[in-house]
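Novice: This structure is in structure tokens; I'll ask about it shortly.
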Amino acid sequence: MKGNMELTHSKEWYEQRIAREGDADIGAGTFAAFREPTVVPAQAALIDTRIAFGTFVELWRRNRGWDAIKLAEAAGVNPEEILEIEHSPQSEPEPNAVFRLAAVFEIPSKILMELAGLIEPRTPDLRKAAVRFAARSESVAALNPHEREAFEAFVSTIAGTARK
Amino acid sequence: MVASDVKSARIQAQFGKPIVYVELLAAAPWNRSKIQRPKRFHGVGTVMMTAAVQLSIDLDYKGRVGLHSLPGAESFYQDECGMTPLGNDAAYGNWIYFEMTEKQAELFRQK
């Protein structure tokens, strides 16, 4: 994270915006709410983990130039399962499907199960690494050089985690 | 304000991409008109949201920001900040989750 932040708007910009804000309530964030029984932190974290998992699966196949059907065939799972993993973080993926995908990706199944939110987190940096590599991806058919570089860096992270 | 940079976007157009997530955004009691009149400083929400968007830009997240609005503050995030409400989030006390896209961040900075 960078040191000093520069807020470069003009005084007039702030005056106009502040006038519009008026006396509106502006509270946000669940930082304090985690003390409330209605909020379930583990469930909340799970959604973010699965978004990163879905992004990883999508970029892995795109890195090979595969569509979802080809990956489904290679793993022996339904194409719908692949699409659900990639785009529906609310859904819990089938452990068997994740296990089969790990075999296709040639990465330890425990790491992929963790990324899929199916087992307790043991490597806190794993999801962070997954989210960071997703920062450099775009929704296009093939990976551009930046995406490929980010993807390969993340795969190295996975490999490094597996060796620990 | 407390913000983190390890959450992912939920809007389809930027799904999976990192966002600056606002963990906590609150005005001090002396800056809330419901507690003190006149309040000491005005526009605290605007200034902090500006900082969140700038942080996102500095991190190369292109202005993508996400947050859960406290009940009662939804119109500020939707109408004044131009964020998209993505519905009540059962994982977060049923509060409404809002997200700002890159385009919305651009508009926010121009308004």
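The chains in the structure tokens are called A, B, ... from first to last as shown; in each chain the residues are counted from 1, and the ligands are counted from 1 in the order shown.
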Would you kindly return, as a PyMOL selection string, each protein, DNA or RNA residue with an atom no farther than 9 Å from any atom of A:Ile69, considering only C-alpha atoms and excluding same-chain residues fewer than 5 positions away?

Specialist: chain A and resi 74+78-80+82

Novice: Output C-alpha atoms for every residue in the selection just made, as a PDB file, in the first residue's frame.

Specialist:
ATOM      1  CA  ALA A  74     -11.037 -33.546 -18.609  1.00  0.00           C
ATOM      2  CA  ASN A  78     -20.724 -31.673 -15.523  1.00  0.00           C
ATOM      3  CA  PRO A  79     -20.094 -28.423 -17.445  1.00  0.00           C
ATOM      4  CA  GLU A  80     -22.790 -26.856 -15.267  1.00  0.00           C
ATOM      5  CA  ILE A  82     -17.722 -25.695 -13.815  1.00  0.00           C
TER       6      ILE A  82
END

Novice: Using only C-alpha atoms, what table do you get, as CSV, when you list each residue of chain B with an atom no more than 7 Å from chain A, its nearest pair of atoms, and their distance in Å rounded to one decimal, rows by chain then rising number?

Specialist:
residue,atom,partner,partner_atom,distance
B:Val6,CA,A:Lys128,CA,5.7
B:Lys7,CA,A:Asp48,CA,6.0
B:Ser8,CA,A:Asp48,CA,6.0
B:Gly16,CA,A:Ile51,CA,5.5
B:Lys17,CA,A:Ala135,CA,5.0
B:Pro18,CA,A:Ala135,CA,5.5
B:Val22,CA,A:Gly29,CA,5.8
B:Glu23,CA,A:Gly29,CA,4.4
B:Leu24,CA,A:Gly29,CA,4.0
B:Leu25,CA,A:Ala28,CA,5.0
B:Ala26,CA,A:Gly27,CA,4.9
B:Ser33,CA,A:Asp23,CA,6.3
B:His42,CA,A:Ile18,CA,6.5
B:Gly43,CA,A:Ile18,CA,4.4
B:Gly45,CA,A:Ile26,CA,5.5
B:Thr46,CA,A:Ile18,CA,6.4
B:Leu59,CA,A:Met1,CA,6.7
B:Leu67,CA,A:Gly29,CA,6.0
B:His68,CA,A:Gly29,CA,5.2
B:Ser69,CA,A:Ala28,CA,4.3
B:Leu70,CA,A:Ala28,CA,4.9
B:Gly72,CA,A:Asp25,CA,6.2
B:Ala73,CA,A:Asp25,CA,4.7
B:Phe76,CA,A:Ile26,CA,6.4
B:Ala91,CA,A:Ala44,CA,5.0
B:Tyr92,CA,A:Val39,CA,4.8
B:Gly93,CA,A:Val39,CA,4.5

Novice: Could you work out how far atom CA of A:Ala116 lies from atom CA of A:Val57, giving the answer in Å with one decimal?

Specialist: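 Result for atom CA of A:Val57 versus atom CA of A:Ala116: 10.2 Å, one decimal.
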
Novice: Run DSSP on the backbone of this structure and report the residues of chain B it assigns to helix (DSSP H, G or I), as an MDAnalysis selection string.

Specialist: chainID B and resid 12:14 29:31 44:58 74:80 102:110

Novice: For the selection you just gave me, I'd like the residues written to a file as a compact mmCIF listing (two decimals), in the first residue's frame, keeping N, CA and C atoms.

Specialist:
# COMPACT_ATOMS: atom_id res chain seq x y z
N GLN B 12 -21.25 -8.53 -11.82
CA GLN B 12 -20.81 -9.39 -12.90
C GLN B 12 -19.71 -8.74 -13.77
N ALA B 13 -19.84 -7.45 -14.02
CA ALA B 13 -18.89 -6.77 -14.92
C ALA B 13 -17.47 -6.78 -14.38
N GLN B 14 -17.32 -6.97 -13.08
CA GLN B 14 -15.98 -6.94 -12.49
C GLN B 14 -15.81 -8.09 -11.50
N PRO B 29 -19.35 11.39 16.97
CA PRO B 29 -20.62 11.92 17.50
C PRO B 29 -20.79 13.42 17.27
N TRP B 30 -19.70 14.20 17.40
CA TRP B 30 -19.81 15.64 17.23
C TRP B 30 -19.97 16.06 15.76
N ASN B 31 -19.90 15.07 14.87
CA ASN B 31 -20.14 15.37 13.45
C ASN B 31 -21.47 14.78 12.97
N VAL B 44 -18.44 14.47 6.19
CA VAL B 44 -17.50 13.42 6.59
C VAL B 44 -17.63 12.18 5.68
N GLY B 45 -18.86 11.83 5.34
CA GLY B 45 -19.09 10.66 4.48
C GLY B 45 -18.47 10.87 3.11
N THR B 46 -18.66 12.06 2.56
CA THR B 46 -18.11 12.37 1.24
C THR B 46 -16.59 12.29 1.25
N VAL B 47 -15.98 12.87 2.26
CA VAL B 47 -14.51 12.88 2.33
C VAL B 47 -13.98 11.45 2.47
N MET B 48 -14.63 10.65 3.30
CA MET B 48 -14.12 9.29 3.51
C MET B 48 -14.35 8.40 2.29
N MET B 49 -15.48 8.60 1.62
CA MET B 49 -15.69 7.82 0.39
C MET B 49 -14.70 8.24 -0.70
N THR B 50 -14.39 9.53 -0.73
CA THR B 50 -13.38 10.01 -1.69
C THR B 50 -12.05 9.33 -1.40
N ALA B 51 -11.73 9.20 -0.12
CA ALA B 51 -10.47 8.54 0.26
C ALA B 51 -10.50 7.06 -0.13
N ALA B 52 -11.65 6.41 0.04
CA ALA B 52 -11.75 4.98 -0.31
C ALA B 52 -11.54 4.79 -1.82
N VAL B 53 -12.16 5.66 -2.61
CA VAL B 53 -12.01 5.56 -4.07
C VAL B 53 -10.55 5.84 -4.47
N GLN B 54 -9.95 6.84 -3.82
CA GLN B 54 -8.56 7.17 -4.15
C GLN B 54 -7.63 6.02 -3.77
N LEU B 55 -7.91 5.39 -2.62
CA LEU B 55 -7.09 4.24 -2.21
C LEU B 55 -7.18 3.14 -3.26
N SER B 56 -8.41 2.91 -3.75
CA SER B 56 -8.62 1.89 -4.77
C SER B 56 -7.82 2.22 -6.04
N ILE B 57 -7.80 3.48 -6.41
CA ILE B 57 -7.03 3.89 -7.59
C ILE B 57 -5.54 3.72 -7.34
N ASP B 58 -5.10 4.11 -6.14
CA ASP B 58 -3.67 3.99 -5.81
C ASP B 58 -3.21 2.53 -5.84
N GLU B 74 -28.48 3.88 3.22
CA GLU B 74 -28.48 3.33 1.86
C GLU B 74 -28.58 4.41 0.79
N SER B 75 -29.41 5.43 1.03
CA SER B 75 -29.61 6.44 -0.02
C SER B 75 -28.33 7.24 -0.26
N PHE B 76 -27.53 7.42 0.79
CA PHE B 76 -26.25 8.13 0.59
C PHE B 76 -25.38 7.36 -0.40
N TYR B 77 -25.29 6.06 -0.24
CA TYR B 77 -24.40 5.28 -1.10
C TYR B 77 -24.97 5.11 -2.51
N GLN B 78 -26.29 4.98 -2.58
CA GLN B 78 -26.91 4.79 -3.90
C GLN B 78 -27.03 6.11 -4.66
N ASP B 79 -27.57 7.12 -4.00
CA ASP B 79 -27.89 8.37 -4.72
C ASP B 79 -26.70 9.33 -4.78
N GLU B 80 -25.99 9.49 -3.70
CA GLU B 80 -24.90 10.47 -3.68
C GLU B 80 -23.58 9.89 -4.19
N GLU B 102 -15.71 0.60 -11.81
CA GLU B 102 -14.70 1.54 -12.30
C GLU B 102 -15.37 2.77 -12.92
N LYS B 103 -16.43 2.51 -13.70
CA LYS B 103 -17.15 3.60 -14.36
C LYS B 103 -17.83 4.50 -13.32
N GLN B 104 -18.43 3.86 -12.32
CA GLN B 104 -19.11 4.64 -11.28
C GLN B 104 -18.10 5.48 -10.49
N ALA B 105 -16.91 4.93 -10.29
CA ALA B 105 -15.86 5.67 -9.59
C ALA B 105 -15.47 6.91 -10.39
N GLU B 106 -15.40 6.72 -11.70
CA GLU B 106 -15.07 7.85 -12.57
C GLU B 106 -16.13 8.95 -12.43
N LEU B 107 -17.41 8.53 -12.46
CA LEU B 107 -18.50 9.49 -12.33
C LEU B 107 -18.48 10.16 -10.97
N PHE B 108 -18.20 9.37 -9.94
CA PHE B 108 -18.15 9.92 -8.57
C PHE B 108 -17.11 11.02 -8.47
N ARG B 109 -15.99 10.79 -9.14
CA ARG B 109 -14.90 11.77 -9.05
C ARG B 109 -15.18 13.02 -9.90
N GLN B 110 -16.09 12.86 -10.88
CA GLN B 110 -16.37 13.99 -11.77
C GLN B 110 -17.49 14.87 -11.24

Novice: So, with only C-alpha atoms as the atoms that count, which of A:Ala97, A:Leu59, A:Phe105, A:Ser10 lies closest to A:Asn144?

Specialist: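 For A:Asn144, the nearest of the candidates is A:Leu59.
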
Novice: Which parts of stretch 25-106 of chain B does DSSP call strand (DSSP E or B) when run on the backbone here, written out as a PyMOL selection string?

Specialist: chain B and resi 25+65-69+84-89+92+95-100

Novice: Could you write out that same residue set with N, CA and C atoms as a CSV table (one decimal), in the first residue's frame?

Specialist:
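Below you can see part.csv, which holds the result:
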chain,number,residue,atom,x,y,z
B,25,LEU,N,-17.0,2.7,8.3
B,25,LEU,CA,-17.1,4.1,8.0
B,25,LEU,C,-18.1,4.7,8.9
B,65,VAL,N,-14.9,-0.2,-5.3
B,65,VAL,CA,-15.1,-0.2,-3.8
B,65,VAL,C,-16.3,-1.0,-3.4
B,66,GLY,N,-16.3,-1.7,-2.3
B,66,GLY,CA,-17.5,-2.4,-1.8
B,66,GLY,C,-17.7,-2.1,-0.4
B,67,LEU,N,-19.0,-2.1,0.1
B,67,LEU,CA,-19.3,-1.9,1.5
B,67,LEU,C,-20.7,-2.4,1.8
B,68,HIS,N,-20.9,-2.7,3.1
B,68,HIS,CA,-22.3,-3.0,3.5
B,68,HIS,C,-22.8,-1.7,4.3
B,69,SER,N,-23.9,-1.2,3.8
B,69,SER,CA,-24.4,0.0,4.4
B,69,SER,C,-25.2,-0.3,5.6
B,84,THR,N,-23.9,0.7,-6.7
B,84,THR,CA,-25.0,-0.3,-7.1
B,84,THR,C,-25.4,-1.1,-5.9
B,85,PRO,N,-26.7,-1.2,-5.5
B,85,PRO,CA,-27.1,-2.1,-4.4
B,85,PRO,C,-27.2,-3.5,-5.0
B,86,LEU,N,-26.6,-4.4,-4.3
B,86,LEU,CA,-26.7,-5.8,-4.7
B,86,LEU,C,-27.6,-6.7,-3.8
B,87,GLY,N,-28.5,-6.0,-3.1
B,87,GLY,CA,-29.4,-6.8,-2.2
B,87,GLY,C,-28.9,-7.0,-0.8
B,88,ASN,N,-29.9,-7.5,0.0
B,88,ASN,CA,-29.5,-7.8,1.4
B,88,ASN,C,-28.6,-9.0,1.4
B,89,ASP,N,-27.6,-8.9,2.3
B,89,ASP,CA,-26.6,-10.0,2.4
B,89,ASP,C,-26.8,-10.7,3.7
B,92,TYR,N,-24.1,-11.0,6.2
B,92,TYR,CA,-23.7,-9.7,7.0
B,92,TYR,C,-24.9,-9.1,7.6
B,95,TRP,N,-27.7,-6.7,5.9
B,95,TRP,CA,-27.4,-5.3,5.5
B,95,TRP,C,-27.3,-5.4,3.9
B,96,ILE,N,-27.6,-4.2,3.3
B,96,ILE,CA,-27.5,-4.2,1.8
B,96,ILE,C,-26.0,-4.0,1.4
B,97,TYR,N,-25.6,-4.8,0.5
B,97,TYR,CA,-24.2,-4.7,0.0
B,97,TYR,C,-24.2,-3.8,-1.2
B,98,PHE,N,-23.3,-2.8,-1.2
B,98,PHE,CA,-23.1,-1.9,-2.4
B,98,PHE,C,-21.8,-2.0,-3.0
B,99,GLU,N,-21.7,-1.8,-4.3
B,99,GLU,CA,-20.4,-1.9,-4.9
B,99,GLU,C,-20.3,-0.7,-6.0
B,100,MET,N,-19.1,-0.2,-6.1
B,100,MET,CA,-18.8,0.9,-7.0
B,100,MET,C,-17.9,0.3,-8.1

Novice: So how many Å separate atom CA of B:Met1 and atom CA of B:Gly63, to one decimal?

Specialist: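 So the two atoms, atom CA of B:Met1 and atom CA of B:Gly63, lie 16.6 Å apart.
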
Novice: Could you jot down the atom CA of A:Ala72 to atom CA of A:Leu101 separation for me, Å, one decimal place?

Specialist: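 Rounded to one decimal, the two atoms are 8.6 Å apart.
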